[in-house]
$ cat run-v1.cif   # mmCIF, C-alpha atoms and all ligand atoms
data_entry
#
loop_
_atom_site.label_atom_id
_atom_site.label_comp_id
_atom_site.auth_asym_id
_atom_site.auth_seq_id
_atom_site.Cartn_x
_atom_site.Cartn_y
_atom_site.Cartn_z
CA MET A 441 124.89 88.13 102.86
CA LYS A 442 125.34 90.89 105.39
CA ILE A 443 126.61 94.39 104.76
CA ASN A 444 129.63 95.33 106.80
CA THR A 445 129.11 98.69 108.54
CA ASP A 446 132.84 99.47 108.30
CA HIS A 447 132.59 99.19 104.54
CA ILE A 448 129.70 101.66 104.56
CA SER A 449 131.56 104.23 106.65
CA ALA A 450 134.69 103.85 104.51
CA LEU A 451 132.62 104.51 101.41
CA ASN A 452 130.88 107.46 103.09
CA LYS A 453 134.19 109.08 104.06
CA LYS A 454 135.09 109.43 100.41
CA GLN A 455 131.91 111.45 99.76
CA GLU A 456 131.80 113.74 102.78
CA ASP A 457 132.81 116.88 100.91
CA SER A 458 130.60 116.22 97.93
CA TYR A 459 127.37 117.50 99.48
CA SER A 460 128.26 119.71 102.45
CA SER A 461 128.33 122.94 100.42
CA GLU A 462 124.96 122.06 98.84
CA LEU A 463 123.58 121.40 102.32
CA ASP A 464 124.83 124.78 103.53
CA PHE A 465 123.11 126.44 100.60
CA LEU A 466 119.79 124.80 101.55
CA ARG A 467 120.32 125.62 105.24
CA ASN A 468 120.78 129.31 104.45
CA LYS A 469 117.94 129.47 101.98
CA PHE A 470 115.36 127.88 104.27
CA SER A 471 116.48 129.41 107.55
CA LYS A 472 115.35 132.74 106.10
CA LYS A 473 111.85 131.23 106.04
CA GLY A 474 112.12 130.01 109.62
CA ILE A 475 112.63 126.39 108.58
CA THR A 476 115.35 124.59 110.55
CA LEU A 477 117.19 122.17 108.32
CA ASP A 478 118.58 120.03 111.14
CA GLU A 479 115.06 119.18 112.29
CA ILE A 480 114.21 118.11 108.77
CA VAL A 481 117.35 115.98 108.53
CA GLN A 482 116.26 114.20 111.74
CA LYS A 483 112.71 113.62 110.45
CA VAL A 484 114.08 112.14 107.23
CA ALA A 485 116.49 109.93 109.18
CA ASP A 486 113.57 108.66 111.31
CA PHE A 487 111.25 107.85 108.41
CA GLN A 488 110.71 104.09 108.00
CA VAL A 489 108.93 102.30 105.19
CA ALA A 490 107.92 98.64 105.30
CA ILE A 491 109.11 96.36 102.53
CA PRO A 492 106.60 93.78 101.35
CA SER A 493 107.91 90.25 101.29
CA TRP A 494 106.67 89.82 97.71
CA ALA A 495 108.75 92.64 96.26
CA LEU A 496 112.07 90.86 96.65
CA GLY A 497 111.72 88.37 93.85
CA ALA A 498 111.26 89.25 90.22
CA GLY A 499 107.75 90.57 89.98
CA GLY A 500 105.85 90.37 86.82
CA THR A 501 102.73 90.85 84.87
CA ARG A 502 100.09 88.25 84.22
CA PHE A 503 101.76 87.69 80.84
CA GLY A 504 105.13 86.62 82.06
CA ARG A 505 107.69 86.59 84.77
CA PHE A 506 111.39 86.82 84.10
CA SER A 507 113.46 85.49 86.92
CA TYR A 508 116.37 87.28 88.47
CA GLY A 509 119.39 85.42 89.80
CA GLY A 510 119.81 85.07 93.55
CA GLU A 511 116.13 85.47 94.38
CA PRO A 512 115.28 84.66 98.00
CA ALA A 513 113.88 81.13 98.22
CA SER A 514 112.68 81.29 101.83
CA LEU A 515 111.32 83.75 104.35
CA GLU A 516 114.74 83.88 106.07
CA GLN A 517 116.34 84.91 102.79
CA LYS A 518 113.66 87.54 102.20
CA LEU A 519 114.49 89.00 105.59
CA ASP A 520 118.18 88.88 104.68
CA ASP A 521 117.42 90.93 101.56
CA ILE A 522 115.51 93.51 103.59
CA GLY A 523 118.46 93.46 105.99
CA VAL A 524 120.70 94.52 103.09
CA LEU A 525 118.27 97.29 102.15
CA HIS A 526 118.02 98.48 105.73
CA ALA A 527 121.78 98.44 106.25
CA LEU A 528 122.27 100.56 103.11
CA THR A 529 119.40 102.99 103.68
CA LYS A 530 118.40 102.79 107.38
CA SER A 531 114.88 103.54 106.20
CA ALA A 532 113.59 100.02 105.49
CA GLY A 533 113.27 98.79 109.07
CA ALA A 534 110.07 96.77 108.67
CA VAL A 535 108.63 93.91 106.67
CA SER A 536 105.06 93.35 105.62
CA LEU A 537 104.30 89.65 105.26
CA HIS A 538 101.88 88.00 102.93
CA ILE A 539 100.07 84.87 104.05
CA PRO A 540 100.11 82.10 102.83
CA TRP A 541 103.25 82.94 100.84
CA ASP A 542 105.30 83.60 103.97
CA ILE A 543 104.03 81.34 106.74
CA PRO A 544 106.95 81.08 109.17
CA GLY A 545 107.94 77.48 109.86
CA ASP A 546 109.87 78.34 113.01
CA VAL A 547 108.50 81.56 114.51
CA LYS A 548 111.34 82.04 116.96
CA ALA A 549 114.00 81.56 114.30
CA ILE A 550 112.26 84.06 112.01
CA LYS A 551 111.97 86.61 114.81
CA ASP A 552 115.67 86.18 115.55
CA VAL A 553 116.65 86.77 111.93
CA ALA A 554 114.47 89.89 111.80
CA LYS A 555 115.85 91.19 115.08
CA ASP A 556 119.39 90.63 113.90
CA HIS A 557 118.68 92.90 110.91
CA GLY A 558 116.78 95.49 112.99
CA ILE A 559 113.53 94.68 111.20
CA THR A 560 110.07 94.79 112.80
CA PHE A 561 106.88 93.15 111.53
CA ASP A 562 104.48 95.67 110.05
CA ALA A 563 100.98 94.92 108.72
CA MET A 564 100.08 91.33 107.86
CA ASN A 565 98.45 90.80 104.47
CA SER A 566 95.80 88.18 103.89
CA ASN A 567 95.21 86.59 100.52
CA THR A 568 91.73 85.66 99.36
CA PHE A 569 92.38 86.41 95.70
CA GLN A 570 93.75 83.02 94.72
CA ASP A 571 92.97 79.42 95.64
CA GLN A 572 95.73 77.49 97.35
CA PRO A 573 96.40 73.89 96.23
CA ASP A 574 94.76 72.46 99.37
CA ALA A 575 91.83 74.90 99.42
CA LYS A 576 88.51 73.50 100.64
CA GLU A 577 86.48 76.33 99.09
CA THR A 578 87.06 78.42 96.00
CA TYR A 579 87.40 82.21 95.75
CA LYS A 580 86.66 82.14 92.03
CA PHE A 581 83.43 84.09 92.57
CA GLY A 582 84.50 86.08 95.59
CA SER A 583 85.65 85.62 99.17
CA LEU A 584 84.42 87.94 101.93
CA SER A 585 81.63 89.13 99.62
CA SER A 586 80.76 85.77 98.10
CA ALA A 587 77.15 84.73 97.64
CA ASP A 588 78.30 81.32 98.91
CA GLU A 589 78.31 81.25 102.70
CA ALA A 590 80.92 78.47 102.88
CA ALA A 591 83.36 80.51 100.76
CA ARG A 592 82.76 83.56 102.98
CA GLU A 593 83.37 81.58 106.17
CA TYR A 594 86.51 80.11 104.66
CA ALA A 595 87.84 83.59 103.82
CA ILE A 596 86.95 84.92 107.27
CA GLN A 597 88.78 82.02 108.90
CA HIS A 598 91.83 82.69 106.69
CA ASN A 599 91.98 86.29 107.92
CA LYS A 600 91.70 85.10 111.51
CA ASP A 601 94.56 82.67 110.88
CA VAL A 602 96.65 85.54 109.50
CA ILE A 603 95.98 87.55 112.67
CA ASN A 604 97.14 84.61 114.78
CA ILE A 605 100.40 84.30 112.83
CA GLY A 606 100.90 88.06 113.13
CA LYS A 607 100.32 87.92 116.89
CA GLU A 608 103.18 85.44 117.27
CA LEU A 609 105.51 87.64 115.24
CA GLY A 610 104.66 90.90 116.98
CA SER A 611 102.71 92.53 114.18
CA LYS A 612 99.94 94.94 115.18
CA SER A 613 97.81 95.23 112.07
CA LEU A 614 96.00 93.41 109.30
CA THR A 615 95.62 94.70 105.76
CA VAL A 616 92.63 93.42 103.85
CA TRP A 617 92.67 93.91 100.14
CA LEU A 618 89.68 92.34 98.51
CA ALA A 619 89.87 91.29 94.88
CA ASP A 620 86.14 90.52 94.98
CA GLY A 621 83.93 91.95 92.29
CA ALA A 622 82.34 91.07 89.00
CA ASN A 623 83.63 90.70 85.48
CA PHE A 624 80.24 91.12 83.85
CA PRO A 625 77.09 93.18 84.47
CA GLY A 626 74.45 91.22 86.28
CA GLN A 627 76.95 88.78 87.75
CA ASN A 628 76.58 90.14 91.30
CA ASN A 629 73.95 91.89 93.30
CA PHE A 630 75.90 95.02 94.36
CA GLN A 631 73.98 95.47 97.60
CA THR A 632 74.23 91.83 98.68
CA ALA A 633 77.96 91.79 97.93
CA LEU A 634 78.46 94.91 100.06
CA ILE A 635 76.31 93.61 102.92
CA ASN A 636 78.23 90.33 102.92
CA THR A 637 81.57 92.17 102.90
CA GLU A 638 80.59 94.35 105.84
CA LYS A 639 79.43 91.34 107.86
CA SER A 640 82.63 89.42 107.07
CA LEU A 641 84.90 92.35 107.94
CA LYS A 642 83.06 92.88 111.23
CA SER A 643 83.54 89.24 112.11
CA ILE A 644 87.30 89.53 111.48
CA TYR A 645 87.49 92.86 113.31
CA GLU A 646 85.84 91.38 116.40
CA THR A 647 88.57 88.76 116.79
CA MET A 648 91.45 91.25 116.44
CA PRO A 649 93.47 91.87 119.62
CA GLU A 650 92.71 95.19 121.34
CA ASP A 651 95.96 96.77 120.21
CA TRP A 652 95.57 95.81 116.55
CA LYS A 653 94.37 97.90 113.62
CA MET A 654 92.63 96.83 110.45
CA PHE A 655 93.43 98.52 107.14
CA ILE A 656 90.86 98.25 104.37
CA GLU A 657 92.38 98.74 100.92
CA TYR A 658 90.36 99.74 97.86
CA LYS A 659 90.91 99.37 94.14
CA PRO A 660 88.65 100.42 91.25
CA TYR A 661 89.31 97.48 88.97
CA GLU A 662 91.52 94.45 88.36
CA PRO A 663 91.40 91.53 88.68
CA ASN A 664 87.71 92.15 88.10
CA PHE A 665 86.98 94.37 85.14
CA TYR A 666 83.36 95.35 85.60
CA SER A 667 83.12 96.13 89.30
CA THR A 668 85.09 95.81 92.51
CA VAL A 669 83.20 95.48 95.80
CA ILE A 670 85.51 97.92 97.63
CA GLN A 671 86.12 100.16 94.66
CA ASP A 672 87.01 103.52 96.21
CA TRP A 673 87.96 105.37 99.39
CA GLY A 674 84.33 106.16 100.17
CA THR A 675 83.39 102.48 100.28
CA SER A 676 86.46 101.68 102.37
CA PHE A 677 85.71 104.59 104.73
CA MET A 678 82.13 103.42 105.15
CA LEU A 679 83.23 99.87 105.93
CA ALA A 680 85.92 101.08 108.35
CA ASN A 681 83.31 103.15 110.20
CA ALA A 682 80.97 100.17 110.32
CA CYS A 683 83.70 97.96 111.81
CA GLY A 684 84.85 100.34 114.52
CA GLU A 685 87.49 102.71 115.84
CA ARG A 686 90.48 100.59 114.96
CA ALA A 687 89.52 100.04 111.34
CA TYR A 688 91.01 102.45 108.81
CA THR A 689 91.19 103.14 105.11
CA LEU A 690 94.38 102.26 103.26
CA VAL A 691 95.39 104.36 100.28
CA ASP A 692 97.44 102.66 97.57
CA LEU A 693 98.71 105.23 95.07
CA GLY A 694 98.12 102.91 92.12
CA HIS A 695 94.53 102.08 93.06
CA HIS A 696 92.81 105.07 91.52
CA LEU A 697 91.31 105.90 88.17
CA PRO A 698 93.53 108.21 86.07
CA ASN A 699 93.84 111.79 87.32
CA THR A 700 92.10 111.16 90.65
CA ASN A 701 93.00 113.87 93.15
CA ILE A 702 94.69 111.56 95.66
CA GLU A 703 95.99 114.43 97.81
CA GLN A 704 92.43 115.52 98.48
CA ILE A 705 91.44 111.98 99.48
CA VAL A 706 94.39 111.92 101.88
CA ALA A 707 93.39 115.26 103.42
CA THR A 708 89.76 114.21 103.86
CA LEU A 709 90.62 110.90 105.50
CA MET A 710 93.14 112.45 107.88
CA LEU A 711 90.66 115.09 108.95
CA LYS A 712 88.34 112.24 109.89
CA GLY A 713 91.16 110.32 111.60
CA LYS A 714 90.67 107.36 109.29
CA LEU A 715 93.81 107.09 107.17
CA GLY A 716 95.76 104.14 108.51
CA GLY A 717 97.87 102.64 105.76
CA PHE A 718 99.67 103.90 102.73
CA HIS A 719 101.11 101.98 99.77
CA PHE A 720 103.65 103.55 97.43
CA ASN A 721 103.99 102.92 93.71
CA ASP A 722 103.36 104.83 90.50
CA SER A 723 101.45 104.34 87.29
CA LYS A 724 101.17 105.84 83.85
CA TYR A 725 97.90 104.25 82.71
CA GLY A 726 96.24 101.88 85.12
CA ASP A 727 98.91 99.63 86.51
CA ASP A 728 100.24 99.79 90.06
CA ASP A 729 103.69 98.31 89.73
CA VAL A 730 105.87 101.11 88.43
CA THR A 731 108.54 102.57 90.73
CA VAL A 732 107.21 105.31 92.97
CA GLY A 733 108.14 108.78 91.74
CA SER A 734 109.19 107.58 88.28
CA ILE A 735 106.12 108.93 86.46
CA LYS A 736 104.38 111.60 88.55
CA PRO A 737 106.81 113.06 91.08
CA TYR A 738 104.87 116.34 91.43
CA ALA A 739 101.69 114.47 92.32
CA LEU A 740 103.68 112.50 94.88
CA PHE A 741 104.93 115.78 96.38
CA LEU A 742 101.40 117.21 96.57
CA ILE A 743 100.23 114.04 98.32
CA PHE A 744 103.09 114.29 100.81
CA ASN A 745 102.26 117.94 101.34
CA GLU A 746 98.84 116.85 102.65
CA LEU A 747 100.34 113.96 104.63
CA VAL A 748 102.81 116.30 106.34
CA TYR A 749 100.06 118.82 107.06
CA GLY A 750 97.92 116.02 108.51
CA MET A 751 100.76 114.60 110.59
CA GLU A 752 101.26 118.03 112.13
CA ASN A 753 97.62 119.07 112.50
CA ASN A 754 95.49 115.93 112.86
CA PRO A 755 96.20 114.22 116.20
CA GLN A 756 92.96 112.30 115.59
CA ASN A 757 94.73 110.34 112.86
CA PRO A 758 97.06 107.50 113.92
CA ASP A 759 100.66 107.04 112.80
CA PHE A 760 100.85 105.42 109.40
CA SER A 761 101.87 102.04 108.19
CA TRP A 762 103.92 103.02 105.15
CA MET A 763 104.72 100.33 102.62
CA ILE A 764 106.14 100.06 99.13
CA ASP A 765 103.73 98.08 96.97
CA ALA A 766 105.37 97.65 93.60
CA SER A 767 107.25 94.92 91.88
CA HIS A 768 108.24 94.75 88.26
CA ASN A 769 110.41 92.34 86.41
CA THR A 770 112.77 94.52 84.43
CA LYS A 771 114.94 95.70 87.32
CA ASP A 772 116.92 94.08 90.08
CA PRO A 773 114.23 94.20 92.79
CA LEU A 774 116.63 95.48 95.45
CA GLU A 775 117.80 98.32 93.21
CA ASP A 776 114.17 99.13 92.47
CA LEU A 777 113.42 99.30 96.19
CA ILE A 778 116.42 101.57 96.79
CA GLN A 779 115.10 103.89 94.06
CA SER A 780 111.63 103.73 95.64
CA LEU A 781 112.92 104.70 99.07
CA GLU A 782 114.86 107.57 97.50
CA ALA A 783 111.75 108.88 95.72
CA ILE A 784 109.62 108.62 98.86
CA LEU A 785 112.17 110.48 100.98
CA ILE A 786 112.65 113.17 98.34
CA ALA A 787 108.91 113.89 98.20
CA TYR A 788 108.65 113.78 102.00
CA THR A 789 111.58 116.21 102.37
CA GLN A 790 110.20 118.59 99.78
CA ALA A 791 106.89 118.61 101.62
CA LEU A 792 108.69 119.36 104.89
CA LEU A 793 110.24 122.39 103.19
CA VAL A 794 106.90 123.98 102.32
CA ASP A 795 106.62 127.30 104.10
CA GLN A 796 103.33 126.43 105.81
CA LYS A 797 102.90 129.80 107.49
CA ALA A 798 103.38 131.74 104.27
CA LEU A 799 101.06 129.32 102.49
CA ARG A 800 98.27 129.82 105.05
CA ASN A 801 98.63 133.59 104.71
CA ALA A 802 98.59 133.47 100.93
CA GLN A 803 95.52 131.21 101.04
CA GLN A 804 93.83 133.62 103.43
CA GLU A 805 94.54 136.49 101.07
CA ASN A 806 93.43 134.44 98.07
CA ASP A 807 96.79 135.09 96.45
CA VAL A 808 96.56 132.14 94.09
CA VAL A 809 99.81 132.90 92.32
CA LYS A 810 101.74 133.11 95.58
CA CYS A 811 100.25 129.83 96.81
CA GLN A 812 101.55 128.06 93.74
CA GLU A 813 104.95 129.75 94.04
CA ILE A 814 105.32 128.60 97.65
CA LEU A 815 104.60 124.98 96.78
CA GLN A 816 106.87 125.01 93.77
CA ASP A 817 109.71 126.67 95.61
CA ALA A 818 109.83 123.61 97.86
CA TYR A 819 109.24 121.15 95.04
CA ARG A 820 111.94 122.58 92.82
CA SER A 821 114.61 122.43 95.50
CA ASP A 822 117.11 119.65 95.03
CA VAL A 823 116.78 118.02 98.45
CA ARG A 824 119.15 115.12 97.86
CA PRO A 825 121.87 116.66 100.08
CA ILE A 826 119.35 116.46 102.97
CA LEU A 827 118.82 112.76 102.29
CA LYS A 828 122.58 112.25 102.25
CA ALA A 829 122.98 114.06 105.57
CA ALA A 830 120.14 112.01 107.09
CA ARG A 831 121.74 108.78 105.93
CA GLU A 832 125.15 109.74 107.19
CA LYS A 833 123.56 110.54 110.54
CA SER A 834 121.84 107.17 110.84
CA GLY A 835 124.81 105.13 109.63
CA ALA A 836 123.40 104.32 106.22
CA ALA A 837 125.28 104.63 102.95
CA VAL A 838 125.26 108.23 101.72
CA ASN A 839 124.55 106.89 98.24
CA PRO A 840 122.80 103.52 98.74
CA LEU A 841 122.52 102.57 95.09
CA GLN A 842 126.18 103.25 94.46
CA ALA A 843 127.08 101.26 97.59
CA TYR A 844 124.87 98.37 96.46
CA ARG A 845 126.73 98.22 93.17
CA ASN A 846 130.09 98.85 94.76
CA PHE A 847 129.61 95.91 97.14
CA GLU A 848 128.40 93.75 94.24
CA VAL A 849 125.43 92.58 96.32
CA ARG A 850 123.57 90.85 93.50
CA LYS A 851 126.68 88.98 92.41
CA GLN A 852 127.12 87.75 96.00
CA LEU A 853 123.48 86.70 96.24
CA ILE A 854 123.76 84.73 93.00
CA LYS A 855 126.90 83.08 94.31
CA GLU A 856 125.12 82.11 97.53
CA ARG A 857 121.74 81.14 96.10
CA GLY A 858 122.31 80.30 92.46
CA THR A 859 120.54 81.58 89.37
CA LYS A 860 117.45 79.41 89.50
CA THR A 861 115.88 80.21 92.86
CA LEU A 862 112.31 81.46 92.81
CA ALA A 863 110.72 83.70 95.39
CA THR A 864 107.25 82.74 96.54
CA GLY A 865 104.59 85.20 95.51
CA LEU A 866 102.98 86.37 92.33
MN MN B 901 98.51 97.83 97.85
#
$ encode --input "run-v1.cif" --output "structure tokens" --more "lines below"
Ligand SMILES: [Mn+2]
Amino acid sequence: MKINTDHISALNKKQEDSYSSELDFLRNKFSKKGITLDEIVQKVADFQVAIPSWALGAGGTRFGRFSYGGEPASLEQKLDDIGVLHALTKSAGAVSLHIPWDIPGDVKAIKDVAKDHGITFDAMNSNTFQDQPDAKETYKFGSLSSADEAAREYAIQHNKDVINIGKELGSKSLTVWLADGANFPGQNNFQTALINTEKSLKSIYETMPEDWKMFIEYKPYEPNFYSTVIQDWGTSFMLANACGERAYTLVDLGHHLPNTNIEQIVATLMLKGKLGGFHFNDSKYGDDDVTVGSIKPYALFLIFNELVYGMENNPQNPDFSWMIDASHNTKDPLEDLIQSLEAILIAYTQALLVDQKALRNAQQENDVVKCQEILQDAYRSDVRPILKAAREKSGAAVNPLQAYRNFEVRKQLIKERGTKTLATGL
């Protein structure tokens, strides 16, 4: 399945008039504040988010998984799905692979498929949270942190193997998310587990090519319910510093305890030049699989406000690896990803509209009320016309979800692949 660009432009033509007056309204409103809308449209058009290879099948919970017709059954088909997303949105130009779920059989063929869709290979993800059928050691009681040296070495070697696969594909980074921890008090020695983890990460870091980065992801709980070895940003930051310059913290929106001030974490890490990766999702209670922006859009905006500030003021921080990290089983995964991209771009655009100069002045004057007004003036602007203009500019569908339904993509995929295919992954 490939989206025909002529079909996209034909569909766009029908909608040209529908947003131009709204765009003019925004242009006038923000030009009075010295904000140039055309620059913002360009920034939005340039913004790219990686799609994880595991988000294209029906996701699920540990209680059940309800399949969706036309799921991709191979890595090629996963890339084809991202190709559809990228053609419709022009903002999904990268894939983040998960090993061993997506080991490419024929590297050259995979690279050709990706190139054909305009997709690059973003961070590689290792997996030491489940045993594979042919596993020589078990991760049941931990991997990089394990008290068992053989299990640790096995997990280290797996990460090195992932780097080697990534090197062939042209990836430049490795994301390590460690499920290691304890389910019961007394199960682990906290200090030993941390020492082991640091040693293991250093060993992986040392074999990374010079132009690679390592992202260390944290999570407070799950799958372990008493403690996680890398439980918070502080632990990740400490480990990244121990490894070296090219090791960074990765923030996943869903990996925080309720009400954590994530925007402050983002600001602190960027000041220190140590925020490398970013995973989008949302949560109401403690999950991390709900569509980004569907529960807490204002929090997402506040986080983006710090990200935008950091991108403009913290040259010490590298460019980000952005990725969507969510997958649920009650939506068509491609529609869910289109909604995710929309939410991300809306929050990003709103943050770009914050009158930074006025905000600095109001902060300097301790005008608390004005500070809040400035933020909310940006947040409460309907920025969707800007997204539409950005998409039109980059050749994407002005309304990707509508185009997806109009082209009957899912129906086509079911016709091509059948109703019983299963994507590899969770
Ligand atoms: Mn994540």
$ residues_around --input "run-v1.cif" --residues "Ala498 of chain A" --least-positions-apart "6" --cutoff "8 Å" --atoms "all atoms listed in the file" --output "NGL selection string"
:A and (505-508 or 511 or 767-773 or 863)
$ residues_near_ligand --input "run-v1.cif" --ligand "ligand MN 901 (chain B)" --cutoff "7 Å" --atoms "only C-alpha atoms and all ligand atoms" --output "JSON, numbers by chain"
{"A": [657, 692, 719, 765]}
$ residues_around --input "run-v1.cif" --residues "segment 626-630 of chain A" --least-positions-apart "6" --cutoff "12 Å" --atoms "all atoms listed in the file" --output "PyMOL selection string"
chain A and resi 581-582+585-588+620+636-637+664-671
$ write_last_selection --input "run-v1.cif" --atoms "C-alpha atoms" --output "CSV table (one decimal), in the frame of the given file"
chain,number,residue,atom,x,y,z
A,581,PHE,CA,83.4,84.1,92.6
A,582,GLY,CA,84.5,86.1,95.6
A,585,SER,CA,81.6,89.1,99.6
A,586,SER,CA,80.8,85.8,98.1
A,587,ALA,CA,77.2,84.7,97.6
A,588,ASP,CA,78.3,81.3,98.9
A,620,ASP,CA,86.1,90.5,95.0
A,636,ASN,CA,78.2,90.3,102.9
A,637,THR,CA,81.6,92.2,102.9
A,664,ASN,CA,87.7,92.2,88.1
A,665,PHE,CA,87.0,94.4,85.1
A,666,TYR,CA,83.4,95.4,85.6
A,667,SER,CA,83.1,96.1,89.3
A,668,THR,CA,85.1,95.8,92.5
A,669,VAL,CA,83.2,95.5,95.8
A,670,ILE,CA,85.5,97.9,97.6
A,671,GLN,CA,86.1,100.2,94.7
$ axis_aligned_box --input "run-v1.cif" --around "segment 456-467 of chain A" --padding-each-side "3 Å" --output "JSON"
{"center_x": 126.3, "center_y": 120.1, "center_z": 101.6, "size_x": 19.0, "size_y": 18.7, "size_z": 13.3}
$ closest_residue --input "run-v1.cif" --among "A:Lys580, A:Ser611, A:Phe470, A:Gly523" --to "Met441 of chain A" --atoms "all atoms listed in the file"
A:Gly523
$ residues_around --input "run-v1.cif" --residues "Pro492 of chain A" --least-positions-apart "4" --cutoff "8 Å" --atoms "only C-alpha atoms" --output "ChimeraX atom specification"
/A:496,535-538,763-765
$ residues_around --input "run-v1.cif" --residues "segment 730-740 of chain A" --least-positions-apart "3" --cutoff "6 Å" --atoms "all atoms listed in the file" --output "PyMOL selection string"
chain A and resi 720-723+743+780+783
$ residues_around --input "run-v1.cif" --residues "Leu799 of chain A" --least-positions-apart "3" --cutoff "10 Å" --atoms "only C-alpha atoms" --output "PyMOL selection string"
chain A and resi 794-796+802-805+807-808+810-815
